[in-house]
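Heads up: the structure comes next, in structure tokens.
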Amino acid sequence: MRGSGRIPRVSAPPSPAELLDLAVATAREAASLVARERGSAAAAVDVKSSPTDVVTAVDTATERLITGRLLDARPDDGLLGEEGAAREGTSGVRWVVDPIDGTVNFLYGLRGYAVSIAAEVDGVTVAGAVLDVPTGELFTATAGGGAFLSTPADPEPVRLTANRPVSLEQTLVATGFGYRVEQRRAQGAVVARLLTEVRDIRRQGCASLDLCSAAAGRVDAYYELDLKPWDHAAGALVAAEAGLVLSGLPGRPFAEPMAVAVPETVAEPLLALLDRLHRD
């Protein structure tokens, strides 16, 4: 009331650690659902952008579970999910969710699929969790707080530090491919030429885990075109907090349209090479 002397109550913004706790608890519950339903993965499969871009009933059920848990806990938040969940919030917090990143791996019973949940505050990612469903490995990060890995065998989080290769010739590079035929044809041509310039190429089929693998030193660098926010939101924070440089091609932001996570030691030559290969 005017002249009352009262100070309006202002809610303190949530800390990255608080948001991470919620992301981790939700990811664990979602991963349990995904694991339970793996046997029925092929029972209800639809396609999205192309015949190779699939979505299962488990994807949509998992996204509903995640959305429900996050918004029950924080009803004023926004949310963006791969399978269609979209909600404007009023709190300044937005959750970016991929219920099953690596759906094709999930469908075929291959390793390499994960639940990915990130929290943005005012458009900046401040917390992220990527839970590898088959292995139980949990990758987490908070902005400025580092990146960590915990496993079922060793639940105490271990801080991650990315590799620092001394040259491109000693750099193991991960990548992924799009779903459209013409896109894959161009990406395959780039990989064929890149292969002679680096140690080797790896392709896992799960962008969030590719980023986390680079953070954990299982590969040295990662690049991919045309990722969506839910593909990279959590994993990119893990990669950055492990010391990797996040970039697009020269002069472009990360993931617009190229996403590159690369050690500083080889960032300049790898970015220049990728730029040349994608222009030729």
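Order determines the names: the first chain of the structure tokens is A, the second B, and so forth; residues in each chain are numbered 1 upward, and ligands are numbered 1 upward as they are shown.
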
Please return, as a count of residues only, all residues of range 96-270 of chain A that DSSP assigns to alpha helix (DSSP H) on the basis of the backbone. 49

Contacts of range 118-121 of chain A at 10 Å or less, counting only C-alpha atoms, minus same-chain residues fewer than 6 places along, as number ranges by chain? A: 13-16, 19-20, 22-24, 77-80, 91-98, 127-130, 140-142, 229-230, 232-237

Residues near Cys206 in chain A, cut-off 10 Å, only C-alpha atoms, skip fewer than 6 positions along chain, as a ChimeraX atom specification: /A:100-105,111-114,175-176,231-232

Written file, previous selection with C-alpha atoms, as a CSV table (one decimal), in the first residue's frame:
```
chain,number,residue,atom,x,y,z
A,100,ILE,CA,15.0,-40.0,-24.2
A,101,ASP,CA,18.0,-38.7,-26.1
A,102,GLY,CA,19.1,-41.4,-28.4
A,103,THR,CA,15.7,-42.9,-29.2
A,104,VAL,CA,17.0,-45.1,-32.0
A,105,ASN,CA,19.5,-46.7,-29.6
A,111,ARG,CA,23.6,-48.5,-25.2
A,112,GLY,CA,23.7,-44.8,-25.6
A,113,TYR,CA,20.4,-43.2,-24.6
A,114,ALA,CA,19.8,-40.8,-21.7
A,175,THR,CA,29.9,-36.4,-34.2
A,176,GLY,CA,26.4,-37.2,-35.2
A,231,ASP,CA,19.7,-32.1,-27.5
A,232,HIS,CA,22.4,-29.9,-26.0
```

For Ala215 in chain A: contacts at 7 Å, only C-alpha atoms, fewer than 5 positions along chain excluded, given as a short mmCIF file (atom, residue, chain, number, x, y, z; two decimals) with N, CA and C atoms, in the first residue's frame:
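Done, and the output landed in selection_34.cif:
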```cif
data_model
loop_
_atom_site.label_atom_id
_atom_site.label_comp_id
_atom_site.auth_asym_id
_atom_site.auth_seq_id
_atom_site.Cartn_x
_atom_site.Cartn_y
_atom_site.Cartn_z
N LEU A 160 34.97 -33.63 -13.32
CA LEU A 160 35.41 -33.93 -14.68
C LEU A 160 36.32 -32.83 -15.20
N THR A 161 37.37 -33.26 -15.90
CA THR A 161 38.26 -32.33 -16.59
C THR A 161 38.52 -32.90 -17.98
N ALA A 162 38.24 -32.14 -19.00
CA ALA A 162 38.39 -32.61 -20.37
C ALA A 162 39.86 -32.78 -20.72
N VAL A 238 27.66 -29.33 -19.04
CA VAL A 238 28.64 -30.28 -18.50
C VAL A 238 29.97 -30.11 -19.24
N ALA A 239 29.91 -30.00 -20.56
CA ALA A 239 31.14 -29.86 -21.35
C ALA A 239 31.88 -28.57 -21.00
N ALA A 242 33.57 -28.65 -17.68
CA ALA A 242 34.74 -29.52 -17.68
C ALA A 242 35.92 -28.89 -18.40
#
```

Identify which of the residues A:Thr125, A:Thr56, A:Gln183, A:Ser150 lies closest to Gly39 in chain A, counting only C-alpha atoms when measuring atom-to-atom distances.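 Of A:Thr125, A:Thr56, A:Gln183, A:Ser150, the one nearest Gly39 in chain A, counting only C-alpha atoms, is A:Thr56.
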
Atomic distance CA of Ala57 in chain A - CA of Glu37 in chain A, expressed in Å with one decimal: 9.5 Å

One decimal, in Å: what's the spacing between CA of Val166 in chain A and CA of Leu246 in chain A?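 We find that CA of Val166 in chain A and CA of Leu246 in chain A lie 18.2 Å from each other.
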
Using only C-alpha atoms, which residues sit within 12 Å of Gly188 in chain A once same-chain residues fewer than 4 positions away are excluded, as a list in words? Thr175, Gly176, Phe177, Gly178, Val181, Glu182, Gln183, Arg184, Ala192, Arg193, Leu194, Leu195, Ile201, Arg203, Glu224, Leu277 and His278 of chain A

Could you write out that same residue set with all heavy atoms as a short mmCIF file (atom, residue, chain, number, x, y, z; two decimals), in the first residue's frame?
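Listing of part.cif after writing:
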```cif
data_model
loop_
_atom_site.label_atom_id
_atom_site.label_comp_id
_atom_site.auth_asym_id
_atom_site.auth_seq_id
_atom_site.Cartn_x
_atom_site.Cartn_y
_atom_site.Cartn_z
N THR A 175 30.91 -37.20 -33.43
CA THR A 175 29.95 -36.42 -34.21
C THR A 175 28.64 -37.20 -34.31
O THR A 175 28.50 -38.31 -33.80
CB THR A 175 30.50 -36.10 -35.61
OG1 THR A 175 29.65 -35.13 -36.24
CG2 THR A 175 30.57 -37.34 -36.49
N GLY A 176 27.68 -36.58 -34.96
CA GLY A 176 26.38 -37.22 -35.20
C GLY A 176 25.84 -36.76 -36.53
O GLY A 176 26.37 -35.82 -37.14
N PHE A 177 24.79 -37.39 -36.98
CA PHE A 177 24.22 -37.10 -38.29
C PHE A 177 22.74 -36.74 -38.16
O PHE A 177 22.06 -37.18 -37.24
CB PHE A 177 24.36 -38.31 -39.22
CG PHE A 177 25.78 -38.77 -39.39
CD1 PHE A 177 26.16 -40.04 -39.00
CD2 PHE A 177 26.75 -37.92 -39.90
CE1 PHE A 177 27.47 -40.47 -39.13
CE2 PHE A 177 28.07 -38.34 -40.04
CZ PHE A 177 28.43 -39.61 -39.65
N GLY A 178 22.27 -35.95 -39.11
CA GLY A 178 20.87 -35.58 -39.15
C GLY A 178 20.00 -36.72 -39.69
O GLY A 178 20.48 -37.83 -39.95
N VAL A 181 17.99 -37.35 -45.85
CA VAL A 181 18.95 -38.01 -46.73
C VAL A 181 19.98 -37.04 -47.26
O VAL A 181 21.20 -37.31 -47.22
CB VAL A 181 18.20 -38.69 -47.90
CG1 VAL A 181 19.19 -39.19 -48.95
CG2 VAL A 181 17.35 -39.85 -47.40
N GLU A 182 19.55 -35.88 -47.75
CA GLU A 182 20.49 -34.92 -48.32
C GLU A 182 21.46 -34.38 -47.26
O GLU A 182 22.63 -34.12 -47.54
CB GLU A 182 19.75 -33.77 -49.01
CG GLU A 182 18.90 -32.90 -48.12
CD GLU A 182 17.50 -33.44 -47.85
OE1 GLU A 182 17.24 -34.64 -48.17
OE2 GLU A 182 16.67 -32.67 -47.33
N GLN A 183 20.96 -34.24 -46.05
CA GLN A 183 21.80 -33.78 -44.95
C GLN A 183 22.86 -34.83 -44.62
O GLN A 183 24.05 -34.51 -44.44
CB GLN A 183 20.91 -33.52 -43.73
CG GLN A 183 21.60 -32.87 -42.55
CD GLN A 183 20.63 -32.68 -41.38
OE1 GLN A 183 19.74 -33.51 -41.15
NE2 GLN A 183 20.78 -31.59 -40.66
N ARG A 184 22.48 -36.07 -44.57
CA ARG A 184 23.42 -37.15 -44.27
C ARG A 184 24.49 -37.28 -45.36
O ARG A 184 25.65 -37.58 -45.07
CB ARG A 184 22.68 -38.47 -44.10
CG ARG A 184 21.86 -38.54 -42.84
CD ARG A 184 21.19 -39.88 -42.70
NE ARG A 184 20.66 -40.03 -41.35
CZ ARG A 184 20.25 -41.18 -40.85
NH1 ARG A 184 20.29 -42.28 -41.59
NH2 ARG A 184 19.78 -41.25 -39.63
N ALA A 192 34.34 -38.02 -44.16
CA ALA A 192 35.35 -38.73 -44.95
C ALA A 192 36.64 -37.91 -45.07
O ALA A 192 37.75 -38.47 -45.02
CB ALA A 192 34.80 -39.05 -46.33
N ARG A 193 36.52 -36.60 -45.18
CA ARG A 193 37.70 -35.74 -45.30
C ARG A 193 38.29 -35.43 -43.93
O ARG A 193 39.50 -35.32 -43.78
CB ARG A 193 37.32 -34.46 -46.04
CG ARG A 193 36.86 -34.73 -47.47
CD ARG A 193 36.34 -33.49 -48.14
NE ARG A 193 37.38 -32.48 -48.30
CZ ARG A 193 37.15 -31.22 -48.68
NH1 ARG A 193 35.91 -30.84 -48.93
NH2 ARG A 193 38.16 -30.37 -48.80
N LEU A 194 37.43 -35.30 -42.92
CA LEU A 194 37.92 -35.02 -41.58
C LEU A 194 38.75 -36.18 -41.03
O LEU A 194 39.72 -35.99 -40.29
CB LEU A 194 36.73 -34.74 -40.66
CG LEU A 194 37.03 -34.44 -39.19
CD1 LEU A 194 37.80 -33.13 -39.05
CD2 LEU A 194 35.73 -34.38 -38.37
N LEU A 195 38.36 -37.39 -41.41
CA LEU A 195 38.98 -38.60 -40.86
C LEU A 195 40.49 -38.64 -41.09
O LEU A 195 41.23 -39.20 -40.27
CB LEU A 195 38.32 -39.83 -41.49
CG LEU A 195 38.67 -41.20 -40.93
CD1 LEU A 195 38.37 -41.28 -39.45
CD2 LEU A 195 37.89 -42.28 -41.68
N ILE A 201 37.27 -41.01 -35.61
CA ILE A 201 35.91 -40.50 -35.45
C ILE A 201 35.09 -41.51 -34.64
O ILE A 201 35.23 -42.73 -34.82
CB ILE A 201 35.23 -40.30 -36.83
CG1 ILE A 201 36.01 -39.30 -37.68
CG2 ILE A 201 33.79 -39.83 -36.65
CD1 ILE A 201 35.96 -37.88 -37.19
N ARG A 203 30.86 -42.17 -33.36
CA ARG A 203 29.47 -41.76 -33.54
C ARG A 203 28.60 -42.60 -32.61
O ARG A 203 28.46 -43.81 -32.79
CB ARG A 203 29.07 -41.95 -35.01
CG ARG A 203 27.73 -41.32 -35.41
CD ARG A 203 26.59 -42.28 -35.22
NE ARG A 203 25.43 -41.94 -36.02
CZ ARG A 203 24.41 -41.18 -35.62
NH1 ARG A 203 24.42 -40.69 -34.40
NH2 ARG A 203 23.38 -40.93 -36.40
N GLU A 224 28.48 -31.23 -34.20
CA GLU A 224 27.28 -31.71 -34.88
C GLU A 224 26.46 -30.51 -35.34
O GLU A 224 26.40 -29.48 -34.67
CB GLU A 224 26.44 -32.61 -33.98
CG GLU A 224 25.30 -33.29 -34.73
CD GLU A 224 24.68 -34.46 -33.97
OE1 GLU A 224 25.25 -34.88 -32.94
OE2 GLU A 224 23.62 -34.95 -34.40
N LEU A 277 35.70 -27.39 -44.42
CA LEU A 277 35.03 -28.58 -44.94
C LEU A 277 33.55 -28.33 -45.19
O LEU A 277 32.97 -28.92 -46.11
CB LEU A 277 35.20 -29.75 -43.97
CG LEU A 277 36.62 -30.28 -43.78
CD1 LEU A 277 36.64 -31.40 -42.76
CD2 LEU A 277 37.20 -30.74 -45.11
N HIS A 278 32.93 -27.48 -44.40
CA HIS A 278 31.50 -27.22 -44.60
C HIS A 278 31.25 -26.13 -45.64
O HIS A 278 30.10 -25.93 -46.06
CB HIS A 278 30.84 -26.84 -43.26
CG HIS A 278 30.58 -28.02 -42.39
ND1 HIS A 278 31.54 -28.53 -41.54
CD2 HIS A 278 29.48 -28.83 -42.26
CE1 HIS A 278 31.03 -29.59 -40.91
NE2 HIS A 278 29.81 -29.78 -41.31
#
```

Strand (DSSP E) residues, from DSSP on the backbone, in range 128-271 of chain A, as JSON, numbers by chain: {"A": [128, 129, 130, 131, 132, 138, 139, 140, 141, 142, 146, 147, 148, 149, 150, 158, 159, 172, 173, 174, 175, 200, 201, 202, 221, 222, 223, 224, 225, 245, 246, 247, 258, 259, 260, 261, 262]}

For Leu209 in chain A, which residue out of A:Glu82, A:Pro165, A:Val158, A:Ala174 is the nearest one, using only C-alpha atoms? A:Ala174

Quick one: residues within 12 Å of Gly248 in chain A, only C-alpha atoms, excluding same-chain residues fewer than 3 positions away - as a compact mmCIF listing (two decimals) with C-alpha atoms, in the first residue's frame?
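What ended up in result_27.txt:
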```txt
# COMPACT_ATOMS: atom_id res chain seq x y z
CA TYR A 222 32.55 -33.17 -30.52
CA TYR A 223 30.72 -31.41 -33.33
CA GLU A 224 27.28 -31.71 -34.88
CA LEU A 225 24.96 -29.64 -37.06
CA ASP A 226 21.36 -28.64 -36.39
CA LEU A 227 20.94 -29.71 -32.78
CA VAL A 245 35.29 -24.38 -25.46
CA GLY A 251 31.75 -15.87 -36.06
CA ARG A 252 28.68 -17.90 -35.11
CA PRO A 253 27.27 -18.84 -31.68
CA PHE A 254 27.20 -22.40 -30.40
CA ALA A 255 24.56 -24.58 -32.09
CA GLU A 256 23.58 -21.90 -34.61
CA PRO A 257 23.67 -24.17 -36.56
CA MET A 258 26.96 -25.90 -35.70
CA ALA A 259 27.69 -27.10 -32.16
CA VAL A 260 31.36 -27.64 -31.34
CA ALA A 261 32.81 -28.64 -27.96
CA VAL A 262 36.59 -28.65 -28.19
CA ALA A 267 40.06 -25.17 -30.87
CA GLU A 268 41.54 -22.88 -33.51
CA LEU A 270 39.55 -27.73 -35.55
CA LEU A 271 37.15 -24.81 -36.02
CA ALA A 272 39.08 -23.64 -39.08
CA LEU A 274 35.32 -27.65 -39.93
CA ASP A 275 34.61 -24.25 -41.46
```

Interatomic distance between CA of Glu83 in chain A and CA of Ala61 in chain A? 9.6 Å

Between A:Thr171, A:Thr26, A:Thr196, A:Ser213, which residue has the minimum interatomic distance to Arg64 in chain A, considering only C-alpha atoms? A:Thr26
